[in-house]
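Have a look at the structure below, then the notes.
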Amino acid sequence: MTRILLVLLVFAFFALCVYGMWHGWKRRQAKQADLPPFPARPETLGTPKLETTGVYIGTTNAGNWQDRIQVGDIGHRAEATLSLVPEGVAIDRTGASPIFIPAESIRDARTDRGLAGKVMFSEEGLLVVQWENQGHLFDTGFRGDDKEVYEEWVQALVGGKA
């Protein structure tokens with residue numbers, strides 16, 4: 001009988017944890033409902049200047065690396081292809097909607113250690129693009145399969161202004 005009670009107690013604790021996470025996710029979505037809509041991806045894009053594969057980590061409010069944007073499926077991590085096209089930065093995510101950052105919206109690019117709750121061991125584990133959308137600053141993070149290309153990306157985004 002004691003074993004059954006312990007199993008039920010562990011199950012109840014697990015269910016309470018899952019409910020707490022779900023409730024927190026929904027509360028954050030409601031709090032962020034007034035954010036401007038993300039830019040739509042153009043129907044056609046130019047030839048990519050740079051392209052790399054990896055994982056889309058997430059988008060946060062700029063300056064707050066843990067404040068993940070949860071509106072829609074923007075908060076979902078996914079395998080992705082990052083492309084620098086003349087129109088801006090295109091992030092094609094597997095199993096989630098694509099994200100597009102217009103070239104004129106890009107304010108900065110850098111490498112960083114963490115974003116959206118994801119922390120890397122090295123100081124330059126993530127490529128982070130800071131961009132503005134209707135007066136609101138965002139940081140979008142990407143962990144590339146090949147981190148050797150990060151410097152080229154930063155130069156292209158900041159030095160060449162996309």
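Residues are named by chain letter and number: chains run A, B, ... in the order of the structure tokens, numbers start at 1 in each chain, and ligands are numbered from 1 in the order shown.
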Give the strand (DSSP E or B) residues of segment 70-161 of chain A, as assigned by DSSP on the backbone, as a short mmCIF file (atom, residue, chain, number, x, y, z; two decimals) with N, CA and C atoms, in the first residue's frame.
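Result written to selection.cif:
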data_model
loop_
_atom_site.label_atom_id
_atom_site.label_comp_id
_atom_site.auth_asym_id
_atom_site.auth_seq_id
_atom_site.Cartn_x
_atom_site.Cartn_y
_atom_site.Cartn_z
N ALA A 78 13.83 24.89 -33.12
CA ALA A 78 13.70 23.97 -34.24
C ALA A 78 14.98 23.96 -35.07
N GLU A 79 15.23 22.84 -35.72
CA GLU A 79 16.31 22.80 -36.70
C GLU A 79 15.96 23.80 -37.78
N ALA A 80 16.98 24.48 -38.31
CA ALA A 80 16.70 25.56 -39.25
C ALA A 80 17.86 25.79 -40.20
N THR A 81 17.53 26.52 -41.26
CA THR A 81 18.53 27.03 -42.18
C THR A 81 18.47 28.55 -42.11
N LEU A 82 19.61 29.16 -41.86
CA LEU A 82 19.72 30.61 -41.75
C LEU A 82 20.30 31.12 -43.06
N SER A 83 19.60 32.06 -43.70
CA SER A 83 20.04 32.59 -44.98
C SER A 83 20.09 34.11 -44.94
N LEU A 84 21.18 34.67 -45.41
CA LEU A 84 21.30 36.11 -45.58
C LEU A 84 21.01 36.41 -47.04
N VAL A 85 19.89 37.04 -47.28
CA VAL A 85 19.45 37.39 -48.63
C VAL A 85 19.43 38.91 -48.74
N GLY A 88 17.00 40.58 -46.38
CA GLY A 88 17.18 40.47 -44.93
C GLY A 88 17.69 39.10 -44.54
N VAL A 89 17.22 38.62 -43.39
CA VAL A 89 17.63 37.31 -42.86
C VAL A 89 16.40 36.41 -42.84
N ALA A 90 16.52 35.26 -43.47
CA ALA A 90 15.43 34.28 -43.50
C ALA A 90 15.83 33.08 -42.66
N ILE A 91 14.91 32.67 -41.78
CA ILE A 91 15.13 31.49 -40.95
C ILE A 91 14.04 30.49 -41.29
N ASP A 92 14.42 29.44 -42.00
CA ASP A 92 13.48 28.39 -42.40
C ASP A 92 13.57 27.28 -41.37
N ARG A 93 12.53 27.16 -40.53
CA ARG A 93 12.53 26.19 -39.44
C ARG A 93 11.79 24.93 -39.83
N ILE A 99 10.74 32.46 -40.13
CA ILE A 99 10.89 33.78 -39.55
C ILE A 99 11.69 34.62 -40.53
N PHE A 100 11.29 35.88 -40.68
CA PHE A 100 11.99 36.77 -41.59
C PHE A 100 12.31 38.08 -40.87
N ILE A 101 13.55 38.53 -41.00
CA ILE A 101 14.00 39.79 -40.42
C ILE A 101 14.40 40.69 -41.59
N PRO A 102 13.63 41.75 -41.85
CA PRO A 102 13.97 42.65 -42.96
C PRO A 102 15.34 43.31 -42.75
N ILE A 106 17.57 45.37 -39.07
CA ILE A 106 18.73 44.85 -38.34
C ILE A 106 19.50 46.00 -37.71
N ARG A 107 19.74 45.89 -36.40
CA ARG A 107 20.45 46.94 -35.66
C ARG A 107 21.85 46.49 -35.24
N ASP A 108 22.03 45.19 -35.00
CA ASP A 108 23.32 44.71 -34.52
C ASP A 108 23.38 43.20 -34.72
N ALA A 109 24.58 42.67 -34.66
CA ALA A 109 24.80 41.22 -34.69
C ALA A 109 26.02 40.93 -33.84
N ARG A 110 25.99 39.81 -33.14
CA ARG A 110 27.09 39.47 -32.24
C ARG A 110 27.08 37.97 -31.98
N THR A 111 28.16 37.51 -31.39
CA THR A 111 28.15 36.15 -30.86
C THR A 111 27.91 36.28 -29.36
N ASP A 112 27.30 35.26 -28.79
CA ASP A 112 26.96 35.33 -27.37
C ASP A 112 26.99 33.94 -26.78
N GLY A 114 24.54 32.91 -24.34
CA GLY A 114 23.22 32.40 -24.02
C GLY A 114 22.10 33.28 -24.53
N LEU A 115 20.95 32.66 -24.76
CA LEU A 115 19.75 33.36 -25.19
C LEU A 115 18.56 32.43 -25.00
N LYS A 118 18.89 29.12 -23.24
CA LYS A 118 19.90 28.20 -23.76
C LYS A 118 21.27 28.80 -23.50
N VAL A 119 22.12 28.08 -22.76
CA VAL A 119 23.45 28.57 -22.44
C VAL A 119 24.47 27.62 -23.04
N LEU A 126 26.59 31.14 -29.83
CA LEU A 126 25.38 31.53 -30.54
C LEU A 126 25.62 32.75 -31.40
N LEU A 127 24.93 32.81 -32.52
CA LEU A 127 24.89 34.01 -33.35
C LEU A 127 23.59 34.72 -33.00
N VAL A 128 23.68 35.98 -32.56
CA VAL A 128 22.50 36.73 -32.14
C VAL A 128 22.35 37.95 -33.03
N VAL A 129 21.15 38.10 -33.61
CA VAL A 129 20.83 39.25 -34.45
C VAL A 129 19.85 40.13 -33.67
N GLN A 130 20.23 41.39 -33.46
CA GLN A 130 19.31 42.33 -32.81
C GLN A 130 18.62 43.12 -33.91
N TRP A 131 17.30 43.21 -33.80
CA TRP A 131 16.52 43.89 -34.83
C TRP A 131 15.33 44.61 -34.21
N GLU A 132 14.79 45.55 -34.97
CA GLU A 132 13.70 46.38 -34.49
C GLU A 132 12.45 46.14 -35.32
N ASN A 133 11.32 46.04 -34.64
CA ASN A 133 10.04 45.86 -35.31
C ASN A 133 9.04 46.81 -34.68
N HIS A 136 10.07 48.18 -31.30
CA HIS A 136 10.38 47.18 -30.27
C HIS A 136 11.62 46.41 -30.70
N LEU A 137 12.62 46.33 -29.80
CA LEU A 137 13.87 45.62 -30.12
C LEU A 137 13.80 44.15 -29.71
N PHE A 138 14.28 43.29 -30.58
CA PHE A 138 14.32 41.85 -30.34
C PHE A 138 15.74 41.34 -30.56
N ASP A 139 16.08 40.24 -29.88
CA ASP A 139 17.29 39.48 -30.14
C ASP A 139 16.86 38.10 -30.60
N THR A 140 17.36 37.68 -31.75
CA THR A 140 17.04 36.35 -32.28
C THR A 140 18.33 35.54 -32.32
N GLY A 141 18.28 34.34 -31.72
CA GLY A 141 19.48 33.52 -31.60
C GLY A 141 19.46 32.29 -32.48
N PHE A 142 20.65 31.93 -32.96
CA PHE A 142 20.83 30.77 -33.83
C PHE A 142 22.13 30.08 -33.43
N ARG A 143 22.06 28.77 -33.25
CA ARG A 143 23.26 27.96 -32.96
C ARG A 143 23.60 27.19 -34.23
N GLY A 144 24.63 27.62 -34.89
CA GLY A 144 25.03 27.01 -36.16
C GLY A 144 25.77 25.70 -35.98
#
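Residues within 7 Å of Gly58 of chain A, counting only C-alpha atoms and excluding same-chain residues fewer than 6 positions away, are Arg68, Ile74, Gly75, His76, Arg77, Ala116, Thr140 and Gly141 of chain A.
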